[in-house]
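J.: Below is the file input07.txt, which contains compact mmCIF, C-alpha atoms.
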```txt
# COMPACT_ATOMS: atom_id res chain seq x y z
CA MET F 9 141.34 171.83 175.53
CA ASP F 10 141.75 172.28 179.28
CA GLU F 11 144.09 169.57 180.52
CA PHE F 12 142.30 167.53 183.20
CA GLY F 13 139.08 169.46 182.58
CA SER F 14 135.75 167.71 181.96
CA GLN F 15 136.10 167.52 178.18
CA TRP F 16 139.63 166.17 178.49
CA MET F 17 138.41 163.51 180.92
CA GLN F 18 135.59 162.55 178.59
CA ARG F 19 138.14 162.01 175.82
CA TRP F 20 140.11 159.79 178.18
CA GLN F 21 136.92 157.88 179.05
CA SER F 22 136.25 157.28 175.35
CA ARG F 23 139.83 156.14 174.83
CA VAL F 24 139.65 153.68 177.73
CA ASN F 25 136.30 152.34 176.58
CA ALA F 26 137.63 151.72 173.08
CA ASP F 27 140.64 149.82 174.36
CA GLY F 28 140.77 146.08 173.84
CA VAL F 29 143.46 145.42 176.44
CA MET F 30 141.46 147.25 179.10
CA LYS F 31 138.42 145.17 178.21
CA ASN F 32 140.53 142.08 178.82
CA VAL F 33 142.62 142.91 181.89
CA GLY F 34 140.01 145.12 183.56
CA ARG F 35 137.02 142.83 183.35
CA TYR F 36 136.83 142.43 187.14
CA PHE F 37 137.86 146.00 187.96
CA ASP F 38 134.63 147.26 189.52
CA GLU F 39 135.58 150.15 191.77
CA ASN F 40 134.99 153.86 192.21
CA VAL F 41 138.19 155.88 192.33
CA LEU F 42 138.67 159.56 193.00
CA LEU F 43 141.28 161.25 190.83
CA ASP F 44 142.33 164.66 192.10
CA PHE F 45 144.46 166.59 189.61
CA GLY F 46 144.75 169.73 191.72
CA ASP F 47 143.52 173.21 190.76
CA GLY F 48 139.93 172.14 191.41
CA ASN F 49 139.88 169.28 188.91
CA ALA F 50 138.69 166.15 190.72
CA TYR F 51 136.51 163.28 189.52
CA VAL F 52 134.97 160.11 190.79
CA VAL F 53 135.68 157.53 188.10
CA GLU F 54 133.42 154.49 188.06
CA PHE F 55 135.28 151.53 186.56
CA ARG F 56 133.02 148.65 185.59
CA GLY F 57 133.94 145.53 183.62
CA GLY F 58 136.91 147.03 181.81
CA ARG F 59 135.19 150.34 181.08
CA VAL F 60 134.86 153.75 182.64
CA GLU F 61 131.12 153.56 183.16
CA ARG F 62 130.68 157.06 184.55
CA LEU F 63 132.65 160.20 185.36
CA VAL F 64 131.41 162.42 188.17
CA ASP F 65 132.85 165.92 187.94
CA LYS F 66 130.60 167.64 190.47
CA ILE F 67 131.26 165.46 193.47
CA GLY F 68 128.32 165.55 195.87
CA PRO F 69 127.36 164.04 199.23
CA GLU F 70 126.18 160.81 197.65
CA ASP F 71 129.25 160.06 195.56
CA ARG F 72 131.20 157.15 197.04
CA TYR F 73 134.70 155.94 196.33
CA HIS F 74 137.11 153.49 197.94
CA LEU F 75 140.35 154.92 196.72
CA ALA F 76 141.69 158.39 196.01
CA LEU F 77 144.76 159.52 194.09
CA ARG F 78 145.78 163.10 194.71
CA ALA F 79 148.69 165.01 193.23
CA PRO F 80 149.41 168.58 192.18
CA LYS F 81 148.66 169.46 188.56
CA ALA F 82 152.39 169.84 187.85
CA SER F 83 152.97 166.18 188.79
CA TRP F 84 150.09 164.90 186.65
CA GLN F 85 151.31 167.01 183.72
CA LYS F 86 154.61 165.17 183.86
CA PHE F 87 152.87 161.81 184.23
CA VAL F 88 150.83 162.33 181.05
CA GLN F 89 153.74 163.38 178.85
CA ARG F 90 154.27 161.02 175.94
CA VAL F 91 157.69 160.18 177.39
CA PRO F 92 157.33 161.02 181.06
CA PRO F 93 160.48 162.06 182.93
CA PRO F 94 162.15 159.85 185.55
CA MET F 95 160.18 159.46 188.80
CA TYR F 96 156.93 160.53 187.06
CA ASN F 97 156.31 157.60 184.70
CA ASP F 98 154.20 155.52 187.09
CA ILE F 99 151.77 156.16 189.95
CA TRP F 100 153.71 153.86 192.33
CA ALA F 101 156.90 155.68 191.37
CA MET F 102 155.23 158.97 192.26
CA ALA F 103 153.66 157.59 195.44
CA HIS F 104 156.65 155.62 196.75
CA PRO F 105 157.72 156.78 200.22
CA LEU F 106 161.07 157.95 198.82
CA HIS F 107 159.29 160.44 196.55
CA GLY F 108 155.78 161.34 197.77
CA ARG F 109 154.73 163.21 194.64
CA LEU F 110 151.29 161.56 194.67
CA LYS F 111 149.12 160.48 197.59
CA ILE F 112 147.14 157.27 197.55
CA GLU F 113 144.38 157.44 200.13
CA GLY F 114 141.55 155.18 201.24
CA ASP F 115 141.55 151.43 200.73
CA VAL F 116 145.01 151.01 199.24
CA LYS F 117 144.33 147.30 198.78
CA VAL F 118 141.91 148.17 195.98
CA MET F 119 144.77 149.71 194.03
CA TRP F 120 147.04 146.70 194.40
CA GLN F 121 144.23 144.28 193.57
CA ASN F 122 143.57 146.10 190.32
CA ALA F 123 147.04 147.46 189.67
CA ARG F 124 147.41 146.04 186.18
CA ALA F 125 144.14 147.38 184.82
CA PHE F 126 144.33 150.63 186.75
CA THR F 127 147.84 151.53 185.60
CA TRP F 128 146.97 150.54 182.04
CA ALA F 129 143.93 152.84 182.07
CA LEU F 130 145.87 155.75 183.53
CA ALA F 131 148.66 155.32 180.98
CA LEU F 132 146.07 155.89 178.24
CA MET F 133 145.91 159.50 179.44
CA ARG F 134 149.17 159.97 177.51
CA GLU F 135 147.28 159.42 174.28
CA VAL F 136 144.62 161.96 175.23
CA ALA F 137 147.20 164.57 176.16
CA HIS F 138 148.81 164.42 172.73
CA MET P 9 168.79 125.31 160.14
CA ALA P 10 166.94 126.21 163.30
CA LYS P 11 168.25 129.04 165.43
CA ILE P 12 169.67 127.46 168.58
CA GLU P 13 171.03 129.69 171.31
CA PRO P 14 174.44 128.96 172.88
CA ILE P 15 173.02 128.84 176.43
CA VAL P 16 173.46 125.55 178.28
CA GLY P 17 171.46 124.85 181.44
CA ARG P 18 172.50 122.42 184.19
CA TYR P 19 171.91 121.66 187.86
CA VAL P 20 174.42 121.65 190.71
CA HIS P 21 173.76 120.42 194.24
CA ILE P 22 174.96 122.74 196.99
CA ASP P 23 175.01 121.76 200.63
CA TYR P 24 174.35 124.72 202.89
CA GLU P 25 173.81 124.43 206.64
CA GLY P 26 172.89 120.77 206.33
CA LYS P 27 170.34 121.23 203.55
CA ASP P 28 170.66 120.06 199.98
CA TYR P 29 169.87 122.76 197.43
CA ARG P 30 169.35 121.74 193.81
CA ILE P 31 170.43 124.83 191.90
CA TYR P 32 169.77 125.57 188.26
CA PHE P 33 172.28 127.61 186.29
CA GLU P 34 172.78 128.61 182.69
CA GLU P 35 176.09 129.41 181.10
CA ALA P 36 177.78 130.37 177.87
CA GLY P 37 181.25 131.47 176.85
CA GLN P 38 184.78 130.97 178.02
CA GLY P 39 187.25 133.00 180.00
CA ILE P 40 186.90 135.08 183.13
CA PRO P 41 183.98 133.78 185.23
CA LEU P 42 181.13 136.32 185.27
CA VAL P 43 178.45 135.28 187.75
CA CYS P 44 175.13 137.05 187.12
CA LEU P 45 172.60 137.57 189.92
CA HIS P 46 168.94 138.08 189.10
CA THR P 47 166.66 140.63 190.75
CA ALA P 48 164.15 139.96 193.54
CA GLY P 49 161.40 137.44 192.93
CA THR P 50 162.54 136.33 189.50
CA ASP P 51 165.29 134.19 187.99
CA GLY P 52 168.28 133.94 185.68
CA ARG P 53 166.24 134.32 182.51
CA GLU P 54 166.82 138.06 182.95
CA TRP P 55 170.38 137.54 181.66
CA ARG P 56 169.51 135.78 178.41
CA HIS P 57 170.73 138.61 176.20
CA GLN P 58 174.17 138.78 177.80
CA LEU P 59 174.46 134.97 177.69
CA CYS P 60 173.90 135.14 173.94
CA ASP P 61 176.16 138.10 173.21
CA PRO P 62 179.42 136.94 171.55
CA ASP P 63 181.10 140.25 172.40
CA ILE P 64 180.75 139.23 176.04
CA THR P 65 181.08 135.45 175.85
CA LYS P 66 184.29 135.46 173.81
CA HIS P 67 186.17 136.68 176.88
CA PHE P 68 183.88 135.75 179.77
CA ARG P 69 182.31 132.53 181.03
CA VAL P 70 178.87 133.98 181.79
CA VAL P 71 177.01 132.02 184.46
CA ALA P 72 173.52 132.91 185.69
CA PHE P 73 172.00 130.85 188.48
CA ASP P 74 168.59 130.81 190.09
CA LEU P 75 168.67 131.39 193.83
CA PRO P 76 166.90 128.77 195.95
CA ARG P 77 163.08 129.09 195.57
CA HIS P 78 163.49 130.98 192.28
CA GLY P 79 163.07 129.81 188.70
CA LYS P 80 164.10 126.17 188.39
CA SER P 81 165.87 126.03 191.78
CA ILE P 82 163.25 124.33 193.91
CA PRO P 83 163.00 125.17 197.62
CA PRO P 84 164.79 122.84 200.04
CA ALA P 85 162.70 119.86 201.16
CA GLY P 86 160.38 120.68 204.04
CA TRP P 87 159.56 124.20 202.88
CA TRP P 88 155.85 123.46 203.19
CA LYS P 89 156.26 122.96 206.95
CA GLU P 90 157.93 126.30 207.61
CA SER P 91 156.19 128.28 210.35
CA GLU P 92 157.54 131.66 209.28
CA GLU P 93 157.26 133.42 205.96
CA TYR P 94 160.28 133.37 203.67
CA LYS P 95 162.74 136.20 204.28
CA LEU P 96 166.02 136.45 202.41
CA THR P 97 168.86 137.64 204.63
CA SER P 98 172.11 139.29 203.68
CA LYS P 99 174.09 136.49 205.33
CA PHE P 100 172.34 133.67 203.47
CA TYR P 101 172.51 135.53 200.17
CA ALA P 102 176.22 136.38 200.36
CA ASP P 103 177.12 132.93 201.68
CA PHE P 104 175.14 131.25 198.93
CA VAL P 105 176.70 133.27 196.11
CA MET P 106 180.12 132.27 197.39
CA ALA P 107 179.06 128.64 197.88
CA PHE P 108 177.90 128.57 194.26
CA CYS P 109 181.20 130.00 193.02
CA ARG P 110 183.13 127.39 195.02
CA ALA P 111 180.88 124.54 193.89
CA LEU P 112 181.61 125.38 190.25
CA GLY P 113 185.28 126.00 190.95
CA LEU P 114 185.09 129.54 189.59
CA ASP P 115 188.44 131.20 190.12
CA ARG P 116 188.19 134.81 191.25
CA ALA P 117 184.85 135.41 189.60
CA VAL P 118 183.39 138.75 188.67
CA VAL P 119 179.98 139.07 190.33
CA MET P 120 177.41 141.17 188.48
CA GLY P 121 173.97 141.62 189.99
CA SER P 122 171.04 143.94 189.63
CA SER P 123 168.76 145.40 192.29
CA MET P 124 169.06 143.01 195.25
CA GLY P 125 171.85 141.39 193.23
CA GLY P 126 173.49 144.81 193.13
CA ASN P 127 172.98 145.49 196.81
CA ILE P 128 174.57 142.16 197.80
CA CYS P 129 177.75 143.35 196.07
CA LEU P 130 178.39 145.59 199.09
CA PRO P 131 178.61 142.69 201.61
CA LEU P 132 180.60 140.73 199.01
CA ALA P 133 183.04 143.62 198.66
CA LEU P 134 183.38 143.84 202.41
CA ASP P 135 183.78 140.15 203.26
CA HIS P 136 184.82 138.22 200.15
CA SER P 137 187.19 140.44 198.15
CA ASP P 138 189.97 137.86 198.44
CA GLU P 139 187.97 135.32 196.44
CA LEU P 140 186.58 137.68 193.79
CA ARG P 141 187.98 139.73 190.91
CA ALA P 142 185.53 142.63 190.59
CA LEU P 143 181.94 143.58 191.33
CA ILE P 144 179.40 145.12 188.98
CA ALA P 145 176.64 146.47 191.21
CA ILE P 146 173.67 147.43 189.07
CA GLU P 147 170.88 149.53 190.58
CA ALA P 148 172.63 149.32 193.94
CA CYS P 149 172.93 151.56 196.97
CA GLU P 150 173.58 151.35 200.68
CA TYR P 151 169.90 151.41 201.70
CA SER P 152 166.77 151.01 199.58
CA PRO P 153 163.66 151.25 201.81
CA GLY P 154 159.96 151.08 201.05
CA TRP P 155 159.46 147.76 199.27
CA TRP P 156 158.73 145.17 201.97
CA LEU P 157 154.95 145.32 201.45
CA SER P 158 152.25 142.91 202.58
CA TRP P 159 150.29 143.47 199.35
CA LEU P 160 152.91 141.49 197.46
CA SER P 161 151.89 138.30 199.26
CA HIS P 162 148.26 138.63 200.24
CA PRO P 163 145.39 136.17 199.74
CA HIS P 164 143.09 138.89 198.40
CA ILE P 165 145.48 139.87 195.63
CA HIS P 166 146.78 137.99 192.59
CA GLY P 167 150.44 137.54 193.49
CA GLY P 168 151.81 137.27 190.00
CA GLU P 169 150.02 140.32 188.67
CA VAL P 170 150.74 142.54 191.65
CA CYS P 171 154.44 141.65 191.83
CA ALA P 172 154.88 142.22 188.12
CA THR P 173 152.92 145.46 188.01
CA SER P 174 154.65 146.86 191.09
CA VAL P 175 157.95 146.81 189.22
CA TYR P 176 156.71 147.83 185.78
CA GLY P 177 157.21 151.53 186.46
CA LEU P 178 160.83 150.90 187.43
CA MET P 179 161.51 150.45 183.73
CA ALA P 180 162.23 153.32 181.38
CA PRO P 181 159.60 154.36 178.82
CA GLN P 182 162.38 154.26 176.21
CA SER P 183 162.94 150.52 176.77
CA PRO P 184 161.31 148.37 174.09
CA ASP P 185 157.78 147.24 174.96
CA GLU P 186 158.68 143.67 174.08
CA TYR P 187 161.42 143.50 176.69
CA ARG P 188 159.56 145.47 179.34
CA TRP P 189 156.65 143.06 179.12
CA GLU P 190 159.02 140.10 179.05
CA THR P 191 160.41 141.34 182.37
CA TRP P 192 156.84 141.75 183.64
CA TRP P 193 156.22 138.14 182.61
CA TYR P 194 159.18 136.85 184.63
CA TYR P 195 157.88 138.71 187.65
CA SER P 196 154.45 137.21 187.26
CA GLN P 197 155.91 133.73 187.71
CA GLY P 198 157.56 133.83 191.12
CA GLY P 199 156.56 131.46 193.92
CA PRO P 200 154.13 132.71 196.56
CA GLY P 201 155.78 135.14 198.95
CA ILE P 202 159.17 134.93 197.26
CA PHE P 203 159.28 138.45 195.83
CA LYS P 204 158.16 139.87 199.17
CA GLY P 205 160.68 137.71 201.04
CA ASP P 206 163.48 138.93 198.77
CA LEU P 207 162.40 142.47 199.45
CA TYR P 208 162.96 141.85 203.14
CA PHE P 209 166.62 141.70 202.17
CA TYR P 210 166.33 144.58 199.70
CA SER P 211 164.57 147.06 201.99
CA VAL P 212 165.18 145.85 205.55
CA ASP P 213 168.13 143.51 206.12
CA HIS P 214 170.38 145.27 203.63
CA ASP P 215 171.38 148.42 205.47
CA PHE P 216 174.93 149.45 204.70
CA ARG P 217 174.60 152.95 206.09
CA GLY P 218 177.81 153.56 208.02
CA LYS P 219 179.49 150.45 206.57
CA CYS P 220 180.37 151.52 203.01
CA GLN P 221 183.45 153.34 204.25
CA THR P 222 184.78 150.09 205.75
CA ILE P 223 185.10 148.42 202.34
CA GLN P 224 188.84 148.32 201.71
CA GLY P 225 188.61 148.48 197.91
CA LYS P 226 190.93 145.56 197.22
CA ILE P 227 188.88 144.87 194.11
CA PRO P 228 186.99 147.42 192.00
CA THR P 229 183.26 147.97 192.35
CA TYR P 230 181.44 149.40 189.34
CA PHE P 231 178.04 150.87 190.14
CA ILE P 232 175.69 151.19 187.16
CA THR P 233 172.19 152.69 187.59
CA GLY P 234 169.43 153.65 185.17
CA GLU P 235 167.95 157.14 185.32
CA TYR P 236 164.39 155.78 185.65
CA ASP P 237 165.09 153.70 188.76
CA PHE P 238 162.84 155.16 191.43
CA ALA P 239 163.77 152.48 194.01
CA CYS P 240 167.48 153.22 193.82
CA THR P 241 167.83 156.58 192.13
CA PRO P 242 171.00 157.74 190.39
CA GLU P 243 171.60 160.08 193.32
CA MET P 244 171.35 157.20 195.82
CA THR P 245 173.88 155.21 193.81
CA GLN P 246 176.25 158.13 193.46
CA GLU P 247 176.11 158.86 197.19
CA THR P 248 176.92 155.22 197.97
CA ALA P 249 179.72 154.99 195.41
CA ALA P 250 181.34 158.12 196.86
CA LYS P 251 181.81 156.19 200.11
CA VAL P 252 183.20 152.96 198.60
CA LYS P 253 186.92 152.88 197.90
CA ASN P 254 188.04 151.84 194.40
CA SER P 255 184.58 152.33 192.89
CA GLU P 256 182.92 154.38 190.21
CA ALA P 257 179.31 155.28 189.45
CA ILE P 258 177.92 155.10 185.94
CA ILE P 259 174.44 156.46 185.18
CA MET P 260 172.53 155.09 182.19
CA LYS P 261 170.31 157.43 180.19
CA GLY P 262 167.09 155.89 178.92
CA ASN P 263 167.26 152.79 181.09
CA GLY P 264 165.70 151.63 184.31
CA HIS P 265 165.96 149.10 187.12
CA PHE P 266 166.32 146.00 184.89
CA PRO P 267 168.80 147.12 182.23
CA MET P 268 169.93 143.61 181.26
CA SER P 269 166.40 142.49 180.42
CA GLU P 270 164.43 145.70 179.70
CA ASN P 271 166.93 147.33 177.35
CA PRO P 272 169.96 145.09 176.73
CA GLN P 273 171.28 147.14 173.80
CA ASN P 274 171.34 150.33 175.83
CA PHE P 275 172.89 148.45 178.77
CA LYS P 276 175.62 147.01 176.59
CA GLN P 277 177.10 150.40 175.78
CA TYR P 278 177.65 150.98 179.49
CA LEU P 279 178.67 147.43 180.39
CA MET P 280 181.31 146.79 177.72
CA PRO P 281 183.76 149.48 178.89
CA VAL P 282 183.50 148.02 182.41
CA LEU P 283 184.21 144.51 181.15
CA GLU P 284 187.17 145.86 179.16
CA LYS P 285 188.59 147.45 182.30
CA ILE P 286 188.21 144.18 184.19
CA ARG P 287 189.96 142.27 181.41
CA ALA P 288 192.78 144.80 181.34
CA ARG P 289 193.32 144.34 185.07
CA GLY P 290 193.54 140.59 184.60
```
Once you've parsed the file, please lay out its structure as structure tokens.

T.:
Amino acid sequence: MDEFGSQWMQRWQSRVNADGVMKNVGRYFDENVLLDFGDGNAYVVEFRGGRVERLVDKIGPEDRYHLALRAPKASWQKFVQRVPPPMYNDIWAMAHPLHGRLKIEGDVKVMWQNARAFTWALALMREVAH
Amino acid sequence: MAKIEPIVGRYVHIDYEGKDYRIYFEEAGQGIPLVCLHTAGTDGREWRHQLCDPDITKHFRVVAFDLPRHGKSIPPAGWWKESEEYKLTSKFYADFVMAFCRALGLDRAVVMGSSMGGNICLPLALDHSDELRALIAIEACEYSPGWWLSWLSHPHIHGGEVCATSVYGLMAPQSPDEYRWETWWYYSQGGPGIFKGDLYFYSVDHDFRGKCQTIQGKIPTYFITGEYDFACTPEMTQETAAKVKNSEAIIMKGNGHFPMSENPQNFKQYLMPVLEKIRARG
């Protein structure tokens, strides 16, 4: 299965939506986030009430998002390893000004407001990857 | 028989610049005083494993105190009338550590701190070597920018959750979930603006660039850093240690920014040889 391709993302969506912790900690996480994995794989992810309500893989002129995370595929591949290497185990680690391996663009406040649910959901990618 | 830990908690009053500070500390063991400094925005509970470890407490009097405004050390009276946000400074921090040691009559204590507690070891090495025995600077370096962030004390954001989650990735994936989430829990319980104010020290006021070489090395400084620390990387620690006389740098595999609380067993294998060296020096 193509890592970060549409099918892969749908598996991640199913994993998030089956997750009890996400249902609990993400119940007020209602935001659209763009995830750009490089190599042409980018999605608008619609988080609603602790679920990924919708994945948009053909981003068009009407698709809105407040926040975007962009990193090269090589960085995301390290992030989703079952035991990620140092400096790649967390989106803030990757985005910290000392490192700059991931860019957080748009309304950064949205990320910090929802940091717990957002990082929990992204960490579930490690279960999809393996 | 119920399991009762050997930790004893008490309060000491410390007068600093005309203000009375009621300071909570926990201790266990006998021997060489080992004063443990918690990380930014949290409290001495981070040291509970070391306080309960007989291999440590049979030779060391382990003392962990909560800085003012942290844990059970309430802010000085009048804090609610302050017109500026809380900012920890290097001067206050170093002075207060020494005031605590004097208040308890600790003779030539070893100071061991992590993160901001590690960074403060540099000013302590520079200015207070005569009163101390050794320094164990965990996750420490001469300059650690990038953490003094408004999001950590913002009315639109849950302070406890954002402070705790901002540090979660500083821990190693190999550290047990139970202890990583315990550390997260401590972070979720800081007073409003305290973590951010501590980070003013950590990322702004603490700037030892150009000063490390002036440390005379009268007492040893042991730097210990986890490989997953992205705030103070192993390389940053090693570069700092190379400039500090009478120091060494130890890098922990499979540990992160909070070794004493996130993975105490892993930390112990690196800490014990350091404590043995300190004992051998007397």

J.: Which one is closest to chain P: F:Arg59, F:Arg109, F:His104, F:Arg23? Count all atoms listed in the file.

T.: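 Going through F:Arg59, F:Arg109, F:His104, F:Arg23 one by one, the smallest distance to chain P is for F:His104.
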
J.: Can you work out the spacing between atom CA of P:Ile286 and atom CA of P:Met244 in Å, to one decimal?

T.: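 These two atoms are separated by 24.3 Å.
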
J.: Give me the residues within 12 Å of P:His164 as a list of chain:residue names, counting only C-alpha atoms and dropping any in the same chain fewer than 6 places off.

T.: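 The neighbour list is F:Lys117, F:Val118, F:Met119, F:Trp120, F:Gln121, F:Asn122, P:Ser158, P:Val170.
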
J.: Within 10 Å of stretch 194-196 of chain P, counting only C-alpha atoms, which residues show up once you throw out same-chain ones fewer than 5 positions away? Write them as a ChimeraX atom specification, please.

T.: /P:47-54,79,166-176,189,203

J.: Show which residues sit within 9 Å of F:Val64, as a PyMOL selection string. Count only C-alpha atoms, and ignore same-chain residues fewer than 4 positions away.

T.: chain F and resi 50-54+68+71

J.: Taking every listed atom of stretch 100-117 of chain P and adding 8 Å to each side, what centre and edge lengths in Å (one decimal) does the axis-aligned box have, as lines of an AutoDock Vina configuration file?

T.:
```
center_x = 180.4
center_y = 130.5
center_z = 196.5
size_x = 32.1
size_y = 27.8
size_z = 29.9
```

J.: How far is it from atom CA of P:Ser123 to atom CA of P:Gln246, in Å with one decimal?

T.: 14.8 Å

J.: Can you pull out the residues contacting F:Phe55? Cut-off 7 Å, using all atoms listed in the file, and skip same-chain residues under 6 positions away; I want them as a ChimeraX atom specification.

T.: /F:37-40,61

J.: Have a look at P:Met260, P:Ala148, P:Leu96, P:Ile223 and name the one nearest to chain F; count only C-alpha atoms.

T.: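 Smallest distance to chain F is found for P:Met260.
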
J.: Take stretch 244-257 of chain P, model N, CA and C atoms, and hand the result over as a short mmCIF file (atom, residue, chain, number, x, y, z; two decimals), in the frame of the given file.

T.:
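Everything below was put into part32.cif:
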```cif
data_model
loop_
_atom_site.label_atom_id
_atom_site.label_comp_id
_atom_site.auth_asym_id
_atom_site.auth_seq_id
_atom_site.Cartn_x
_atom_site.Cartn_y
_atom_site.Cartn_z
N MET P 244 171.08 158.17 194.74
CA MET P 244 171.35 157.20 195.82
C MET P 244 172.58 156.36 195.49
N THR P 245 172.70 155.97 194.23
CA THR P 245 173.88 155.21 193.81
C THR P 245 175.14 156.04 193.92
N GLN P 246 175.06 157.26 193.44
CA GLN P 246 176.25 158.13 193.46
C GLN P 246 176.71 158.41 194.89
N GLU P 247 175.75 158.61 195.78
CA GLU P 247 176.11 158.86 197.19
C GLU P 247 176.79 157.64 197.80
N THR P 248 176.30 156.45 197.44
CA THR P 248 176.92 155.22 197.97
C THR P 248 178.31 155.04 197.38
N ALA P 249 178.42 155.21 196.07
CA ALA P 249 179.72 154.99 195.41
C ALA P 249 180.78 155.93 195.97
N ALA P 250 180.38 157.14 196.33
CA ALA P 250 181.34 158.12 196.86
C ALA P 250 181.97 157.63 198.16
N LYS P 251 181.29 156.68 198.82
CA LYS P 251 181.81 156.19 200.11
C LYS P 251 182.61 154.90 199.96
N VAL P 252 182.54 154.26 198.80
CA VAL P 252 183.20 152.96 198.60
C VAL P 252 184.53 153.17 197.89
N LYS P 253 185.60 152.72 198.52
CA LYS P 253 186.92 152.88 197.90
C LYS P 253 187.00 152.05 196.62
N ASN P 254 187.80 152.55 195.67
CA ASN P 254 188.04 151.84 194.40
C ASN P 254 186.73 151.54 193.67
N SER P 255 185.86 152.53 193.60
CA SER P 255 184.58 152.33 192.89
C SER P 255 184.33 153.50 191.96
N GLU P 256 183.41 153.29 191.04
CA GLU P 256 182.92 154.38 190.21
C GLU P 256 181.44 154.21 189.97
N ALA P 257 180.75 155.31 189.71
CA ALA P 257 179.31 155.28 189.45
C ALA P 257 179.04 155.68 188.01
#
```
